[in-house]
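Participant: Structure file final_39.pdb (PDB, C-alpha atoms) right here:
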```pdb
ATOM      1  CA  MET A   1    -169.092  73.238 -58.923
ATOM      2  CA  ARG A   2    -171.164  75.602 -56.808
ATOM      3  CA  GLU A   3    -171.457  79.231 -57.814
ATOM      4  CA  PRO A   4    -169.123  81.347 -55.608
ATOM      5  CA  ALA A   5    -170.532  83.558 -52.908
ATOM      6  CA  GLY A   6    -169.946  87.254 -52.560
ATOM      7  CA  ARG A   7    -167.986  88.951 -49.755
ATOM      8  CA  ASP A   8    -171.016  88.904 -47.473
ATOM      9  CA  GLY A   9    -171.344  85.133 -47.869
ATOM     10  CA  ARG A  10    -174.428  85.356 -50.012
ATOM     11  CA  ARG A  11    -174.577  83.731 -53.387
ATOM     12  CA  ARG A  12    -174.257  86.081 -56.302
ATOM     13  CA  PRO A  13    -177.353  86.750 -58.372
ATOM     14  CA  PRO A  14    -177.350  84.948 -61.727
ATOM     15  CA  LEU A  15    -177.817  88.136 -63.745
ATOM     16  CA  SER A  16    -175.017  90.463 -64.833
ATOM     17  CA  LEU A  17    -174.919  93.780 -66.658
ATOM     18  CA  ARG A  18    -172.728  93.786 -69.760
ATOM     19  CA  ARG A  19    -169.981  96.386 -69.624
ATOM     20  CA  GLY A  20    -169.100  98.119 -72.864
ATOM     21  CA  PRO A  21    -171.273  96.055 -75.229
ATOM     22  CA  VAL A  22    -170.344  96.364 -78.889
ATOM     23  CA  PRO A  23    -172.611  96.154 -81.945
ATOM     24  CA  TRP A  24    -172.910  92.773 -83.647
ATOM     25  CA  GLU A  25    -170.723  93.784 -86.593
ATOM     26  CA  GLU A  26    -167.963  95.079 -84.294
ATOM     27  CA  GLN A  27    -167.547  91.958 -82.168
ATOM     28  CA  ARG A  28    -164.332  89.982 -82.521
ATOM     29  CA  ALA A  29    -164.336  87.785 -85.621
ATOM     30  CA  THR A  30    -164.030  84.065 -84.876
ATOM     31  CA  TRP A  31    -163.332  82.638 -88.319
ATOM     32  CA  ARG A  32    -159.624  82.159 -87.664
ATOM     33  CA  GLN A  33    -160.319  80.203 -84.459
ATOM     34  CA  ALA A  34    -163.049  78.071 -86.092
ATOM     35  CA  ARG A  35    -160.495  75.995 -87.996
ATOM     36  CA  PRO A  36    -162.167  73.726 -90.591
ATOM     37  CA  ALA A  37    -159.536  71.058 -89.931
ATOM     38  CA  GLY A  38    -160.200  71.196 -86.182
ATOM     39  CA  ILE A  39    -163.960  70.859 -86.622
ATOM     40  CA  ALA A  40    -163.432  67.996 -89.088
ATOM     41  CA  SER A  41    -161.112  66.218 -86.642
ATOM     42  CA  GLY A  42    -163.628  66.551 -83.836
ATOM     43  CA  LEU A  43    -166.352  65.196 -86.105
ATOM     44  CA  ALA A  44    -164.169  62.260 -87.151
ATOM     45  CA  ARG A  45    -163.462  61.379 -83.513
ATOM     46  CA  ALA A  46    -167.152  61.588 -82.640
ATOM     47  CA  THR A  47    -168.337  59.435 -85.535
ATOM     48  CA  ALA A  48    -165.696  56.809 -84.749
ATOM     49  CA  ARG A  49    -167.126  56.201 -81.262
ATOM     50  CA  PRO A  50    -169.481  53.255 -80.770
ATOM     51  CA  SER A  51    -173.233  53.767 -80.510
ATOM     52  CA  GLY A  52    -174.250  50.161 -79.964
ATOM     53  CA  ASN A  53    -176.784  50.725 -82.804
ATOM     54  CA  TRP A  54    -179.027  52.877 -80.584
ATOM     55  CA  TYR A  55    -181.035  55.791 -82.002
ATOM     56  CA  VAL A  56    -183.058  58.442 -80.178
ATOM     57  CA  VAL A  57    -186.670  58.434 -81.411
ATOM     58  CA  GLY A  58    -188.225  61.148 -79.246
ATOM     59  CA  ALA A  59    -189.203  62.319 -75.792
ATOM     60  CA  SER A  60    -190.278  59.828 -73.145
ATOM     61  CA  GLY A  61    -193.672  61.512 -73.101
ATOM     62  CA  ASP A  62    -194.114  60.869 -76.832
ATOM     63  CA  VAL A  63    -194.520  57.147 -76.192
ATOM     64  CA  ARG A  64    -197.815  56.754 -74.399
ATOM     65  CA  ALA A  65    -199.940  53.965 -72.974
ATOM     66  CA  ASP A  66    -203.104  54.911 -74.879
ATOM     67  CA  ARG A  67    -201.807  54.841 -78.458
ATOM     68  CA  PRO A  68    -198.756  53.755 -80.468
ATOM     69  CA  ALA A  69    -196.107  56.080 -81.894
ATOM     70  CA  GLY A  70    -194.880  55.503 -85.429
ATOM     71  CA  ARG A  71    -191.374  56.608 -86.388
ATOM     72  CA  THR A  72    -188.965  56.164 -89.288
ATOM     73  CA  VAL A  73    -185.266  55.703 -88.486
ATOM     74  CA  ALA A  74    -182.659  55.194 -91.202
ATOM     75  CA  GLY A  75    -185.419  54.273 -93.635
ATOM     76  CA  THR A  76    -186.897  51.697 -91.248
ATOM     77  CA  GLU A  77    -190.475  51.967 -89.972
ATOM     78  CA  VAL A  78    -190.626  51.619 -86.184
ATOM     79  CA  VAL A  79    -193.609  51.352 -83.863
ATOM     80  CA  LEU A  80    -193.410  52.057 -80.143
ATOM     81  CA  TRP A  81    -195.928  51.772 -77.319
ATOM     82  CA  ARG A  82    -196.123  51.050 -73.594
ATOM     83  CA  ASP A  83    -197.197  47.712 -72.211
ATOM     84  CA  ALA A  84    -199.440  47.186 -69.206
ATOM     85  CA  ALA A  85    -196.480  47.767 -66.857
ATOM     86  CA  GLY A  86    -195.582  51.065 -68.563
ATOM     87  CA  GLU A  87    -192.459  49.670 -70.232
ATOM     88  CA  VAL A  88    -191.614  50.796 -73.762
ATOM     89  CA  ARG A  89    -192.043  48.195 -76.479
ATOM     90  CA  ALA A  90    -190.690  48.588 -80.008
ATOM     91  CA  GLY A  91    -190.473  46.701 -83.259
ATOM     92  CA  PRO A  92    -191.087  46.883 -87.006
ATOM     93  CA  GLY A  93    -193.804  49.361 -87.910
ATOM     94  CA  VAL A  94    -195.047  47.191 -90.796
ATOM     95  CA  CYS A  95    -197.648  44.563 -89.928
ATOM     96  CA  PRO A  96    -196.294  41.149 -91.030
ATOM     97  CA  HIS A  97    -199.742  40.105 -92.287
ATOM     98  CA  LEU A  98    -200.497  42.572 -95.103
ATOM     99  CA  GLY A  99    -198.270  45.552 -94.329
ATOM    100  CA  ALA A 100    -200.554  47.875 -92.364
ATOM    101  CA  ALA A 101    -198.898  50.768 -90.554
ATOM    102  CA  LEU A 102    -198.799  49.600 -86.949
ATOM    103  CA  GLY A 103    -198.245  53.189 -85.815
ATOM    104  CA  GLU A 104    -201.909  53.731 -86.745
ATOM    105  CA  GLY A 105    -203.037  50.825 -84.585
ATOM    106  CA  VAL A 106    -204.761  50.831 -81.211
ATOM    107  CA  VAL A 107    -203.351  50.032 -77.763
ATOM    108  CA  ARG A 108    -205.610  48.153 -75.369
ATOM    109  CA  CYS A 109    -204.345  47.100 -71.927
ATOM    110  CA  GLY A 110    -200.737  47.237 -73.112
ATOM    111  CA  THR A 111    -201.357  45.253 -76.298
ATOM    112  CA  LEU A 112    -200.978  46.809 -79.751
ATOM    113  CA  VAL A 113    -203.805  45.812 -82.080
ATOM    114  CA  CYS A 114    -203.542  46.253 -85.853
ATOM    115  CA  ARG A 115    -206.585  48.082 -87.235
ATOM    116  CA  TRP A 116    -206.692  46.092 -90.474
ATOM    117  CA  HIS A 117    -207.299  42.550 -89.219
ATOM    118  CA  GLY A 118    -206.805  42.624 -85.452
ATOM    119  CA  LEU A 119    -203.341  41.097 -85.148
ATOM    120  CA  ALA A 120    -202.489  41.619 -81.466
ATOM    121  CA  LEU A 121    -198.888  42.278 -80.352
ATOM    122  CA  ASP A 122    -197.869  42.180 -76.707
ATOM    123  CA  GLY A 123    -194.206  42.909 -77.406
ATOM    124  CA  THR A 124    -193.117  39.291 -77.820
ATOM    125  CA  PRO A 125    -192.478  37.527 -81.170
ATOM    126  CA  THR A 126    -195.821  36.984 -82.912
ATOM    127  CA  ALA A 127    -196.754  35.817 -86.437
ATOM    128  CA  GLY A 128    -193.383  36.796 -87.882
ATOM    129  CA  TRP A 129    -193.188  40.092 -86.007
ATOM    130  CA  GLU A 130    -189.990  40.395 -83.903
ATOM    131  CA  PRO A 131    -189.459  43.053 -81.200
ATOM    132  CA  TRP A 132    -186.478  45.386 -81.113
ATOM    133  CA  PRO A 133    -184.702  46.552 -77.938
ATOM    134  CA  ALA A 134    -185.946  49.879 -76.593
ATOM    135  CA  HIS A 135    -184.820  52.033 -73.689
ATOM    136  CA  ASP A 136    -186.514  54.886 -71.811
ATOM    137  CA  ASP A 137    -183.915  56.931 -69.909
ATOM    138  CA  GLY A 138    -186.525  59.146 -68.238
ATOM    139  CA  VAL A 139    -186.135  61.990 -70.744
ATOM    140  CA  LEU A 140    -185.716  60.293 -74.131
ATOM    141  CA  VAL A 141    -186.667  57.003 -75.753
ATOM    142  CA  TRP A 142    -184.117  55.005 -77.753
ATOM    143  CA  VAL A 143    -184.492  52.029 -80.092
ATOM    144  CA  ARG A 144    -181.752  49.635 -81.188
ATOM    145  CA  LEU A 145    -181.609  48.881 -84.901
ATOM    146  CA  ASP A 146    -178.774  46.448 -85.496
ATOM    147  CA  ARG A 147    -179.251  46.197 -89.262
ATOM    148  CA  ALA A 148    -179.171  49.971 -89.711
ATOM    149  CA  GLY A 149    -176.342  50.567 -87.237
ATOM    150  CA  GLY A 150    -174.071  47.750 -88.339
ATOM    151  CA  GLU A 151    -172.014  47.907 -85.130
ATOM    152  CA  GLU A 152    -171.529  45.517 -82.257
ATOM    153  CA  PRO A 153    -174.816  45.881 -80.327
ATOM    154  CA  THR A 154    -174.824  46.952 -76.698
ATOM    155  CA  GLU A 155    -177.387  46.277 -73.995
ATOM    156  CA  ARG A 156    -177.971  49.980 -73.318
ATOM    157  CA  PRO A 157    -177.404  53.225 -75.244
ATOM    158  CA  VAL A 158    -174.701  55.738 -74.364
ATOM    159  CA  VAL A 159    -176.802  58.095 -72.224
ATOM    160  CA  PRO A 160    -174.798  61.190 -71.195
ATOM    161  CA  PRO A 161    -174.692  62.073 -67.481
ATOM    162  CA  ARG A 162    -177.422  64.535 -66.567
ATOM    163  CA  PRO A 163    -179.104  65.907 -63.434
ATOM    164  CA  PRO A 164    -181.644  63.587 -61.791
ATOM    165  CA  VAL A 165    -184.939  64.080 -63.590
ATOM    166  CA  ALA A 166    -186.831  64.524 -60.302
ATOM    167  CA  GLU A 167    -184.579  67.476 -59.432
ATOM    168  CA  ALA A 168    -184.622  69.166 -62.848
ATOM    169  CA  VAL A 169    -186.883  70.665 -65.472
ATOM    170  CA  ALA A 170    -186.586  68.851 -68.793
ATOM    171  CA  ALA A 171    -187.961  69.801 -72.192
ATOM    172  CA  VAL A 172    -187.471  68.128 -75.571
ATOM    173  CA  TYR A 173    -187.537  69.806 -78.979
ATOM    174  CA  THR A 174    -187.686  67.907 -82.281
ATOM    175  CA  GLY A 175    -187.001  69.376 -85.721
ATOM    176  CA  VAL A 176    -186.201  67.920 -89.146
ATOM    177  CA  GLY A 177    -183.673  69.086 -91.735
ATOM    178  CA  ALA A 178    -182.539  68.110 -95.233
ATOM    179  CA  CYS A 179    -179.080  66.941 -94.218
ATOM    180  CA  GLU A 180    -177.235  64.008 -92.712
ATOM    181  CA  ALA A 181    -176.581  63.345 -89.039
ATOM    182  CA  GLU A 182    -172.938  64.373 -89.392
ATOM    183  CA  ASP A 183    -173.990  67.869 -90.492
ATOM    184  CA  VAL A 184    -175.928  68.333 -87.253
ATOM    185  CA  VAL A 185    -173.015  67.040 -85.171
ATOM    186  CA  ALA A 186    -170.581  69.318 -87.047
ATOM    187  CA  ASN A 187    -172.796  72.304 -86.267
ATOM    188  CA  ARG A 188    -172.659  71.549 -82.551
ATOM    189  CA  LEU A 189    -168.878  71.037 -82.675
ATOM    190  CA  ASP A 190    -168.556  74.596 -84.018
ATOM    191  CA  PRO A 191    -169.401  76.799 -81.013
ATOM    192  CA  TRP A 192    -167.521  79.719 -82.605
ATOM    193  CA  HIS A 193    -170.603  80.592 -84.654
ATOM    194  CA  GLY A 194    -172.787  81.187 -81.585
ATOM    195  CA  ALA A 195    -172.673  84.948 -81.076
ATOM    196  CA  TRP A 196    -172.602  85.604 -84.827
ATOM    197  CA  LEU A 197    -175.456  83.347 -85.926
ATOM    198  CA  HIS A 198    -177.571  83.663 -82.741
ATOM    199  CA  PRO A 199    -177.107  87.250 -81.492
ATOM    200  CA  TYR A 200    -180.600  87.202 -79.990
ATOM    201  CA  SER A 201    -179.469  84.512 -77.514
ATOM    202  CA  PHE A 202    -175.669  84.636 -77.104
ATOM    203  CA  VAL A 203    -173.122  87.410 -76.587
ATOM    204  CA  ASP A 204    -169.491  87.658 -75.516
ATOM    205  CA  LEU A 205    -168.720  84.129 -76.632
ATOM    206  CA  GLU A 206    -165.153  82.927 -76.251
ATOM    207  CA  VAL A 207    -163.808  79.422 -76.781
ATOM    208  CA  LEU A 208    -161.392  78.983 -73.889
ATOM    209  CA  SER A 209    -159.899  75.721 -75.117
ATOM    210  CA  ALA A 210    -160.240  73.412 -78.097
ATOM    211  CA  PRO A 211    -158.677  69.950 -78.345
ATOM    212  CA  PRO A 212    -155.666  69.350 -80.595
ATOM    213  CA  ASP A 213    -156.115  66.924 -83.467
ATOM    214  CA  ASP A 214    -154.342  64.106 -81.562
ATOM    215  CA  VAL A 215    -156.352  64.486 -78.351
ATOM    216  CA  THR A 216    -157.403  61.460 -76.270
ATOM    217  CA  ASP A 217    -161.082  60.678 -75.663
ATOM    218  CA  GLU A 218    -160.804  61.833 -72.047
ATOM    219  CA  GLU A 219    -159.586  65.284 -73.136
ATOM    220  CA  ASP A 220    -161.847  65.668 -76.170
ATOM    221  CA  ALA A 221    -163.898  68.698 -75.137
ATOM    222  CA  LEU A 222    -164.532  72.295 -76.132
ATOM    223  CA  VAL A 223    -164.676  74.761 -73.252
ATOM    224  CA  VAL A 224    -166.709  77.873 -73.935
ATOM    225  CA  ARG A 225    -167.474  81.029 -71.970
ATOM    226  CA  VAL A 226    -170.667  82.746 -73.107
ATOM    227  CA  SER A 227    -173.454  84.959 -71.844
ATOM    228  CA  PHE A 228    -177.111  84.186 -72.423
ATOM    229  CA  LYS A 229    -179.113  87.290 -73.226
ATOM    230  CA  VAL A 230    -182.063  88.128 -70.974
ATOM    231  CA  ALA A 231    -183.035  91.677 -71.928
ATOM    232  CA  GLY A 232    -181.008  94.647 -73.128
ATOM    233  CA  ARG A 233    -177.614  94.540 -71.395
ATOM    234  CA  VAL A 234    -178.767  91.988 -68.809
ATOM    235  CA  VAL A 235    -177.140  88.584 -69.313
ATOM    236  CA  VAL A 236    -176.387  85.301 -67.546
ATOM    237  CA  PRO A 237    -172.694  84.390 -67.983
ATOM    238  CA  VAL A 238    -171.687  80.716 -67.856
ATOM    239  CA  THR A 239    -168.880  78.378 -68.778
ATOM    240  CA  ALA A 240    -169.915  75.284 -70.700
ATOM    241  CA  VAL A 241    -168.174  72.152 -71.966
ATOM    242  CA  PHE A 242    -169.084  70.501 -75.267
ATOM    243  CA  THR A 243    -168.455  66.771 -75.726
ATOM    244  CA  ALA A 244    -169.554  64.071 -78.182
ATOM    245  CA  PRO A 245    -170.025  60.785 -76.290
ATOM    246  CA  GLU A 246    -171.250  58.831 -79.337
ATOM    247  CA  PRO A 247    -171.564  59.374 -83.116
ATOM    248  CA  ARG A 248    -174.941  61.126 -83.139
ATOM    249  CA  THR A 249    -174.864  63.024 -79.837
ATOM    250  CA  VAL A 250    -173.270  66.280 -78.658
ATOM    251  CA  THR A 251    -173.765  67.559 -75.126
ATOM    252  CA  MET A 252    -173.245  70.984 -73.624
ATOM    253  CA  ARG A 253    -172.817  70.940 -69.845
ATOM    254  CA  ILE A 254    -172.681  74.073 -67.695
ATOM    255  CA  THR A 255    -169.667  73.892 -65.388
ATOM    256  CA  GLU A 256    -169.571  77.435 -63.984
ATOM    257  CA  GLY A 257    -172.219  80.073 -63.449
ATOM    258  CA  GLU A 258    -175.954  79.713 -63.064
ATOM    259  CA  GLY A 259    -177.376  76.210 -63.453
ATOM    260  CA  VAL A 260    -174.175  74.240 -62.914
ATOM    261  CA  GLY A 261    -174.737  70.645 -64.055
ATOM    262  CA  SER A 262    -177.511  71.544 -66.474
ATOM    263  CA  VAL A 263    -177.139  69.937 -69.878
ATOM    264  CA  VAL A 264    -178.293  70.394 -73.432
ATOM    265  CA  GLU A 265    -178.198  67.100 -75.334
ATOM    266  CA  THR A 266    -178.427  67.254 -79.111
ATOM    267  CA  HIS A 267    -179.191  63.956 -80.832
ATOM    268  CA  ALA A 268    -179.150  63.542 -84.609
ATOM    269  CA  THR A 269    -181.327  60.691 -85.865
ATOM    270  CA  PRO A 270    -181.259  59.834 -89.590
ATOM    271  CA  LEU A 271    -184.726  59.379 -91.046
ATOM    272  CA  THR A 272    -183.599  58.223 -94.491
ATOM    273  CA  PRO A 273    -181.308  55.301 -95.348
ATOM    274  CA  ALA A 274    -177.568  55.838 -95.645
ATOM    275  CA  GLY A 275    -176.670  57.307 -99.020
ATOM    276  CA  ALA A 276    -180.141  58.719 -99.710
ATOM    277  CA  VAL A 277    -180.221  61.242-102.554
ATOM    278  CA  ARG A 278    -182.232  63.631-100.401
ATOM    279  CA  PRO A 279    -181.371  62.804 -96.777
ATOM    280  CA  ARG A 280    -183.492  63.905 -93.844
ATOM    281  CA  THR A 281    -182.367  64.001 -90.238
ATOM    282  CA  ALA A 282    -184.297  64.614 -87.042
ATOM    283  CA  VAL A 283    -182.764  66.805 -84.349
ATOM    284  CA  VAL A 284    -183.977  65.705 -80.928
ATOM    285  CA  GLU A 285    -182.673  68.139 -78.325
ATOM    286  CA  ALA A 286    -183.189  67.630 -74.608
ATOM    287  CA  VAL A 287    -182.637  70.553 -72.248
ATOM    288  CA  VAL A 288    -182.288  69.335 -68.665
ATOM    289  CA  ALA A 289    -182.076  72.392 -66.402
ATOM    290  CA  ALA A 290    -181.096  72.214 -62.755
ATOM    291  CA  SER A 291    -180.112  74.634 -60.014
ATOM    292  CA  ASP A 292    -179.414  74.463 -56.315
ATOM    293  CA  ARG A 293    -180.905  77.898 -55.732
ATOM    294  CA  ARG A 294    -183.670  78.001 -53.184
ATOM    295  CA  GLY A 295    -186.326  79.114 -55.645
ATOM    296  CA  PHE A 296    -185.752  76.346 -58.145
ATOM    297  CA  GLY A 297    -188.267  74.105 -56.399
ATOM    298  CA  ALA A 298    -190.965  76.549 -57.427
ATOM    299  CA  ALA A 299    -189.667  76.418 -60.989
ATOM    300  CA  ARG A 300    -190.000  72.629 -60.961
ATOM    301  CA  ALA A 301    -193.574  72.991 -59.794
ATOM    302  CA  LEU A 302    -194.204  75.232 -62.807
ATOM    303  CA  ALA A 303    -192.491  72.823 -65.222
ATOM    304  CA  PRO A 304    -195.609  72.271 -67.375
ATOM    305  CA  LEU A 305    -195.658  76.036 -68.026
ATOM    306  CA  LEU A 306    -191.887  76.317 -68.541
ATOM    307  CA  ARG A 307    -191.474  73.468 -71.029
ATOM    308  CA  PRO A 308    -193.242  75.217 -73.940
ATOM    309  CA  ALA A 309    -190.994  78.262 -73.486
ATOM    310  CA  MET A 310    -187.904  76.033 -73.354
ATOM    311  CA  ARG A 311    -188.965  74.224 -76.529
ATOM    312  CA  SER A 312    -189.661  77.555 -78.218
ATOM    313  CA  ALA A 313    -186.156  78.789 -77.382
ATOM    314  CA  SER A 314    -184.653  75.601 -78.834
ATOM    315  CA  ALA A 315    -186.808  75.915 -81.949
ATOM    316  CA  ARG A 316    -185.601  79.467 -82.567
ATOM    317  CA  LEU A 317    -181.965  78.415 -82.344
ATOM    318  CA  TRP A 318    -182.504  75.393 -84.565
ATOM    319  CA  ARG A 319    -184.119  77.449 -87.309
ATOM    320  CA  ASP A 320    -180.653  78.911 -87.780
ATOM    321  CA  ASP A 321    -178.671  75.783 -86.978
ATOM    322  CA  LEU A 322    -180.657  73.555 -89.323
ATOM    323  CA  ALA A 323    -180.065  76.097 -92.079
ATOM    324  CA  TYR A 324    -176.334  75.766 -91.260
ATOM    325  CA  ALA A 325    -176.527  71.946 -91.364
ATOM    326  CA  GLU A 326    -178.570  71.934 -94.573
ATOM    327  CA  ARG A 327    -176.132  74.333 -96.251
ATOM    328  CA  ARG A 328    -173.210  72.152 -95.188
ATOM    329  CA  TRP A 329    -174.845  69.051 -96.698
ATOM    330  CA  LEU A 330    -175.724  70.876 -99.925
ATOM    331  CA  LEU A 331    -172.106  71.924-100.428
ATOM    332  CA  ARG A 332    -170.766  68.486 -99.497
ATOM    333  CA  SER A 333    -173.149  66.725-101.855
ATOM    334  CA  THR A 334    -172.093  68.910-104.780
ATOM    335  CA  GLY A 335    -168.367  68.798-104.071
ATOM    336  CA  ARG A 336    -168.177  72.460-103.070
ATOM    337  CA  PHE A 337    -167.666  72.244 -99.295
ATOM    338  CA  PRO A 338    -164.494  74.208 -98.441
ATOM    339  CA  GLY A 339    -163.955  72.399 -95.116
TER
END
```
Represent the structure contained in this file as structure tokens.

Facilitator:
Amino acid sequence: MREPAGRDGRRRPPLSLRRGPVPWEEQRATWRQARPAGIASGLARATARPSGNWYVVGASGDVRADRPAGRTVAGTEVVLWRDAAGEVRAGPGVCPHLGAALGEGVVRCGTLVCRWHGLALDGTPTAGWEPWPAHDDGVLVWVRLDRAGGEEPTERPVVPPRPPVAEAVAAVYTGVGACEAEDVVANRLDPWHGAWLHPYSFVDLEVLSAPPDDVTDEEDALVVRVSFKVAGRVVVPVTAVFTAPEPRTVTMRITEGEGVGSVVETHATPLTPAGAVRPRTAVVEAVVAASDRRGFGAARALAPLLRPAMRSASARLWRDDLAYAERRWLLRSTGRFPG
């Protein structure tokens, strides 16, 4: 949906001036609309969707050709690297010989070499080492762990629709919290907290529609109108739609206002095994910004300078949101969660 033009045919500027802003404590309370049962139903629907056993492990740029990347997913050590053709390779991060950490190995001409005794891995089965499926979607890297996932495996992960990478500016933030993946997903399925918990970023937030408990998958979306703060009373108003396409992913897509089609993908990747006494979960959030405004080409050219600022903005929000998720897990784990 293209932003509407003004009476003179020109497109409206993205910035607006808030009329009659109210102090934080005087804004309309949202606790009645943020129904615990509604959030729980949305979470249950999300976690019931298939993932094909795929987990996000980081940004595409994190997996390089000059060195391996070691990760832990659901208590499983994973190593990733790029072969001579630039394709992502993945498999167990424990050397099958004497248990060295393969994430501390060396990559030479697309081959991963263990630093302990020189076992060389080209991504095919070798000396008891078996590869795992991996997928690079251009923004994020995924690995398929069938033993950890326990579902029917799929050939590819459920990658949400997003603007073409060549026409967008993408940045990826990663943070870690003491909670489970469901606590992160529940946070994202509660947009009502936005203007209360993040007043430095969001104002005038209103949930326009929320799905009933018996909604179908096609209608399972939260529609939100909100303004992003720029400075003082200057804001950028948008309408966004929140959906959960698979158990560990929630997307926010802008449907009206500046940056139509831009998405924020939040992926929750468990680091510890299921049922861990002290769980830890990684939040991997991809912001893929796009615009059909004339000046956006210049913004793409400045992408290396914009990405740190985009990651910083995500990090600020997730300082609050991880505290939310951690608090939710703490109460759940001690039988005190009111929701």

Participant: Give as a PyMOL selection string the residues that the PyMOL selection byres ((chain A and resi 36-38) around 12) matches when applied to the coordinates above.

Facilitator: chain A and resi 30-35+39-45+186-187+189-192+209-215+220-222+337-339

Participant: As a VMD selection string, please: the residues near range 112-114 of chain A (cut-off 9 Å, all atoms listed in the file, same-chain neighbours under 3 positions excluded).

Facilitator: chain A and resid 67 to 68 81 to 83 95 100 to 109 117 to 123

Participant: Name the residues in contact with Gly52 in chain A at a cut-off of 7 Å, using only C-alpha atoms, excluding same-chain residues fewer than 6 positions from it; report them as a PyMOL selection string.

Facilitator: chain A and resi 151-154+157

Participant: Which neighbours of range 125-139 of chain A fall inside 7 Å, counting only C-alpha atoms, when residues of the same chain fewer than 4 positions from it are skipped, and could you give them as a VMD selection string?

Facilitator: chain A and resid 59 to 60 88 to 91 96 121 143 to 144 165

Participant: Quick one: which residues end up in the PyMOL selection byres ((chain A and resi 199-203) around 8) for this structure, as a ChimeraX atom specification?

Facilitator: /A:24,194-198,204-205,226-230

Participant: Using only C-alpha atoms, which of A:Arg233, A:Arg336, A:Arg225, A:His193 sits nearest Thr255 in chain A?

Facilitator: A:Arg225

Participant: Where does the PyMOL selection byres ((chain A and resi 284) around 10) land in this file, that is, which residues does it pick, as a ChimeraX atom specification?

Facilitator: /A:56-59,140,172-176,249,265-269,281-283,285-286

Participant: Could you add whatever atoms are missing so that range 33-44 of chain A carries N, CA, C and O atoms, then write the result as a compact mmCIF listing (two decimals), keeping the file's coordinate frame?

Facilitator:
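Result file follows (rebuild-v9.txt):
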```txt
# COMPACT_ATOMS: atom_id res chain seq x y z
N GLN A 33 -160.32 81.22 -85.51
CA GLN A 33 -160.32 80.20 -84.46
C GLN A 33 -161.14 78.97 -84.85
O GLN A 33 -160.84 77.86 -84.43
N ALA A 34 -162.18 79.19 -85.66
CA ALA A 34 -163.05 78.07 -86.09
C ALA A 34 -162.38 77.35 -87.25
O ALA A 34 -162.84 77.39 -88.39
N ARG A 35 -161.28 76.65 -86.96
CA ARG A 35 -160.50 76.00 -88.00
C ARG A 35 -161.28 74.84 -88.63
O ARG A 35 -161.75 73.94 -87.92
N PRO A 36 -161.47 74.84 -89.93
CA PRO A 36 -162.17 73.73 -90.59
C PRO A 36 -161.54 72.37 -90.26
O PRO A 36 -162.25 71.39 -90.04
N ALA A 37 -160.20 72.33 -90.23
CA ALA A 37 -159.54 71.06 -89.93
C ALA A 37 -159.82 70.61 -88.51
O ALA A 37 -159.98 69.41 -88.24
N GLY A 38 -159.90 71.55 -87.57
CA GLY A 38 -160.20 71.20 -86.18
C GLY A 38 -161.61 70.67 -86.02
O GLY A 38 -161.85 69.69 -85.30
N ILE A 39 -162.58 71.32 -86.69
CA ILE A 39 -163.96 70.86 -86.62
C ILE A 39 -164.07 69.48 -87.26
O ILE A 39 -164.74 68.59 -86.75
N ALA A 40 -163.40 69.29 -88.40
CA ALA A 40 -163.43 68.00 -89.09
C ALA A 40 -162.82 66.90 -88.23
O ALA A 40 -163.33 65.77 -88.19
N SER A 41 -161.73 67.22 -87.51
CA SER A 41 -161.11 66.22 -86.64
C SER A 41 -162.04 65.83 -85.49
O SER A 41 -162.16 64.66 -85.14
N GLY A 42 -162.68 66.83 -84.90
CA GLY A 42 -163.63 66.55 -83.84
C GLY A 42 -164.78 65.70 -84.32
O GLY A 42 -165.24 64.78 -83.62
N LEU A 43 -165.27 66.00 -85.53
CA LEU A 43 -166.35 65.20 -86.10
C LEU A 43 -165.90 63.77 -86.36
O LEU A 43 -166.63 62.81 -86.08
N ALA A 44 -164.69 63.60 -86.88
CA ALA A 44 -164.17 62.26 -87.15
C ALA A 44 -164.04 61.45 -85.87
O ALA A 44 -164.35 60.25 -85.84
```
